[in-house]
Structures are given as C-alpha cells and as structure tokens.
Amino acid sequence: MPVSSGWPLTPGAIRFFVPHFANEQLARHPLTESLYVNGMGYYPEASGHNMTRSHHQDNLIMYCSAGSGRLLVGATQAQVTAGDLVVLPAGVSHRYQAAPKTPWTLRWVHFSGQRARDYIANLGLPEQQYCIQLGLHPKIITDFDALFSVQHTGYNLKALIHASQQLKQSLSYLALLTTRETQQARQPIDLDRIQSLMTAHLNGELELDKLAAAAHLSKYHFAKRYRALTGYSPIQHFIHLKMERACYLLDISQRSVAEVAAELGYGDPQYFSRLFKKVTGLSPSGYRRLQKG
C-alpha cells in the first residue's frame, strides 16, 4: 500500500487505497498486470499538506487544479501551480508541500504494473523533469474524478479492473498533452493554424512553401519541426488528411472513384487510387466493399 501523507481529510476530500489482497489480484490478472491502481485521492485547498518519501515502490501522478505548492526531487526544486502535472516514478525520492497562503487543490493516483514505466516514458517528459505545465483541462479533472467511483464498491475486482483501464486511457491522453507541450517548448509551431490551413485546401494542392510561410519558418526548419511534433512530414500529413476525407466521401455517397478523386484535386483517378491504397492498404473500391459498422 502506498505511504499516505496522513493529511487530515476535510469535507469533500477523498482518499482511497487498494488493500494488499486486491493489489495482489490486480498484479496477477491478465487485464491489469501491465498497469493497475494502488490508490487515489482528491485534496481541495489542502492547507498543511506535505509529504516526504525516501523510498517508495509505486508510481504517483498529481494534478494541481488550483492554488500552489512546492516539489523537491534531489537538488531540483519546482513550484507547482494550477494546471501543473507532477509525475513521480517509483524509486524517486521526493518531498512536496502545499503553499501556506494559497494551498493547492490536488487530484492524485498511485499505480503499479509491469508496464507502468512504459506508460510514464510515453508521457515524454524531459529527463529529470518531474513537473510540467499543461494548463487547466476539464477532461483531466473529469478523468481523475471518474476513478473515484471505485471507492464504494467493496473492493470489487471488476470495478478495480475498470478503474485500472480508465487510468490507462487517462495516461494515454496525458501523453498527448505532455508531448505537445514539451515539443512546442523546443519547436514552437501553431499546429492548429497549420492543420486548419491543410483542411481548407483538401480539394486541391498545398505547397510546402505556403505551410512554412504560415509558420514563419524556412521550409527546412518547418519540415523538421513539424515531423518532430507529429511524426510525419507536413506533405505526408496533408495527404493523410486528404485520404481521410476520401474515406468519408466513399462512405456517405455513391460517387464514383473518379468523382471522389476530382473533388480532392486529383485529375488522374488511377494515381489517386494508388495513393489511397498506399495510405489505407485498400483500393477505393475495396474500401467501399468493407462491411463497416
């Protein structure tokens, strides 16, 4: 069982720990052995909240939605403010405390599992960084709060399995946010603006020059930074968006392949079909024959 701060619960606060016998079940269960919840909590305006751990065996994430506090890991100190996510892998000694005048509001989860380290690595935080500003996201709060429903189930195994699956989804969502924040800090590009520009040109061509100009970068630096953020080159991503649109048109209409190709700016239906198959793995006619639903 995780080591609790012992902070006295105030009205509206939550603290729930999974007992040892249930943790053992989760560690052996094929649906949760990779990652499972050990405990969770919600501390609103947690005046006097503080914790020191020299050794701990599980992993901890905390999300601050109001107020502030201080985190100390080794010689590194960080101020924690509203919108910050704190990630403390197993084995990392740490101290933290709420600010005296503006105590934080925290939601937190302890978790373990054979793949827990992989889920943490997927968050993409820079080495030796344990706190990142994500901003205030209602979905993060909703995801944490959804976990708390497990506290009134009498340690029901299926409820604990469900909570563990919810945590996997939450960590995957946080990875989208953390990766974007850390990459944007190093490679500043307004992705929303660039991808809106792509969407507006799905019925025609869009040159790399125009995309780079919208980002106020050279073609070389824009292409490099865009790939770092998305995993794709800008033009490759643009083509993927066009093929996504093609799938939609094939689904909702009886237009011929040539008509769909023309709507997306391809004058040669055969070239369009080759490109469609390269991206999706199917020809347009093969895609249309799929039993979808």
# chains A, B, ... in the order shown; residues from 1 in each chain; ligands from 1

$ residues_around --residues "region 140-154 of chain A" --least-positions-apart "3" --cutoff "12 Å" --atoms "only C-alpha atoms" --output "MDAnalysis selection string"
chainID A and resid 13:19 22 36:43 61:66 82:85 105:110 134:137 157:177

$ closest_residue --among "A:Ser68, A:Ile235, A:Ser112, A:Ala121" --to "Glu24 (chain A)" --atoms "only C-alpha atoms"
A:Ser112

$ residues_around --residues "Ser34 (chain A)" --least-positions-apart "6" --cutoff "9 Å" --atoms "only C-alpha atoms" --output "PDB file with C-alpha atoms, in the first residue's frame"
ATOM      1  CA  ALA A  27      -0.886  -7.762 -10.256  1.00  0.00           C
ATOM      2  CA  SER A 112       1.944  -0.072 -10.351  1.00  0.00           C
ATOM      3  CA  GLY A 113       2.292  -2.755 -13.015  1.00  0.00           C
ATOM      4  CA  GLN A 114       4.745  -4.431 -15.335  1.00  0.00           C
ATOM      5  CA  ARG A 115       4.310  -1.658 -17.927  1.00  0.00           C
ATOM      6  CA  ALA A 116       3.979   1.290 -15.553  1.00  0.00           C
TER       7      ALA A 116
END

$ atom_distance --atom1 "CA of Tyr155 (chain A)" --atom2 "CA of Gly6 (chain A)"
21.5 Å

$ residues_around --residues "region 283-290 of chain A" --least-positions-apart "6" --cutoff "8 Å" --atoms "only C-alpha atoms" --output "PyMOL selection string"
chain A and resi 247+250-251+257+273-274+276-277

$ select_by_dssp --residues "region 112-184 of chain A" --states "strand (DSSP E)" --output "JSON, numbers by chain"
{"A": [112, 131, 132, 133]}

$ residues_around --residues "region 205-212 of chain A" --least-positions-apart "3" --cutoff "7 Å" --atoms "only C-alpha atoms" --output "list of chain:residue names"
A:Ile194, A:His201, A:Ala215, A:His216, A:Leu217, A:Ser218, A:Lys219, A:Phe222, A:Ile235, A:Gly265

$ write_last_selection --atoms "C-alpha atoms" --output "compact mmCIF listing (two decimals), in the first residue's frame"
# COMPACT_ATOMS: atom_id res chain seq x y z
CA ILE A 194 -1.23 24.82 -39.86
CA HIS A 201 -7.09 23.02 -49.07
CA ALA A 215 4.64 29.15 -39.59
CA HIS A 216 7.13 31.97 -40.33
CA LEU A 217 9.91 29.46 -40.86
CA SER A 218 12.13 28.27 -43.67
CA LYS A 219 10.97 25.12 -45.46
CA PHE A 222 9.39 23.95 -40.68
CA ILE A 235 3.03 16.93 -47.00
CA GLY A 265 -7.94 17.73 -56.59

$ closest_residue --among "A:Gln25, A:Pro234, A:His94, A:Ser54" --to "Leu197 (chain A)" --atoms "only C-alpha atoms"
A:Pro234

$ residues_around --residues "Phe238 (chain A)" --least-positions-apart "3" --cutoff "9 Å" --atoms "only C-alpha atoms" --output "ChimeraX atom specification"
/A:195,198-199,202,206,233-235,241-243

$ select_by_dssp --residues "region 217-248 of chain A" --states "alpha helix (DSSP H)" --output "PyMOL selection string"
chain A and resi 219-230+234-248

$ atom_distance --atom1 "CA of Cys131 (chain A)" --atom2 "CA of Leu191 (chain A)"
23.4 Å

$ residues_around --residues "Ala90 (chain A)" --least-positions-apart "6" --cutoff "9 Å" --atoms "only C-alpha atoms" --output "NGL selection string"
:A and (55-60 or 112 or 117)

$ closest_residue --among "A:Val80, A:Leu282, A:Met51, A:Ile132" --to "Ser93 (chain A)" --atoms "only C-alpha atoms"
A:Met51

$ atom_distance --atom1 "CA of Ala246 (chain A)" --atom2 "CA of Phe272 (chain A)"
9.8 Å
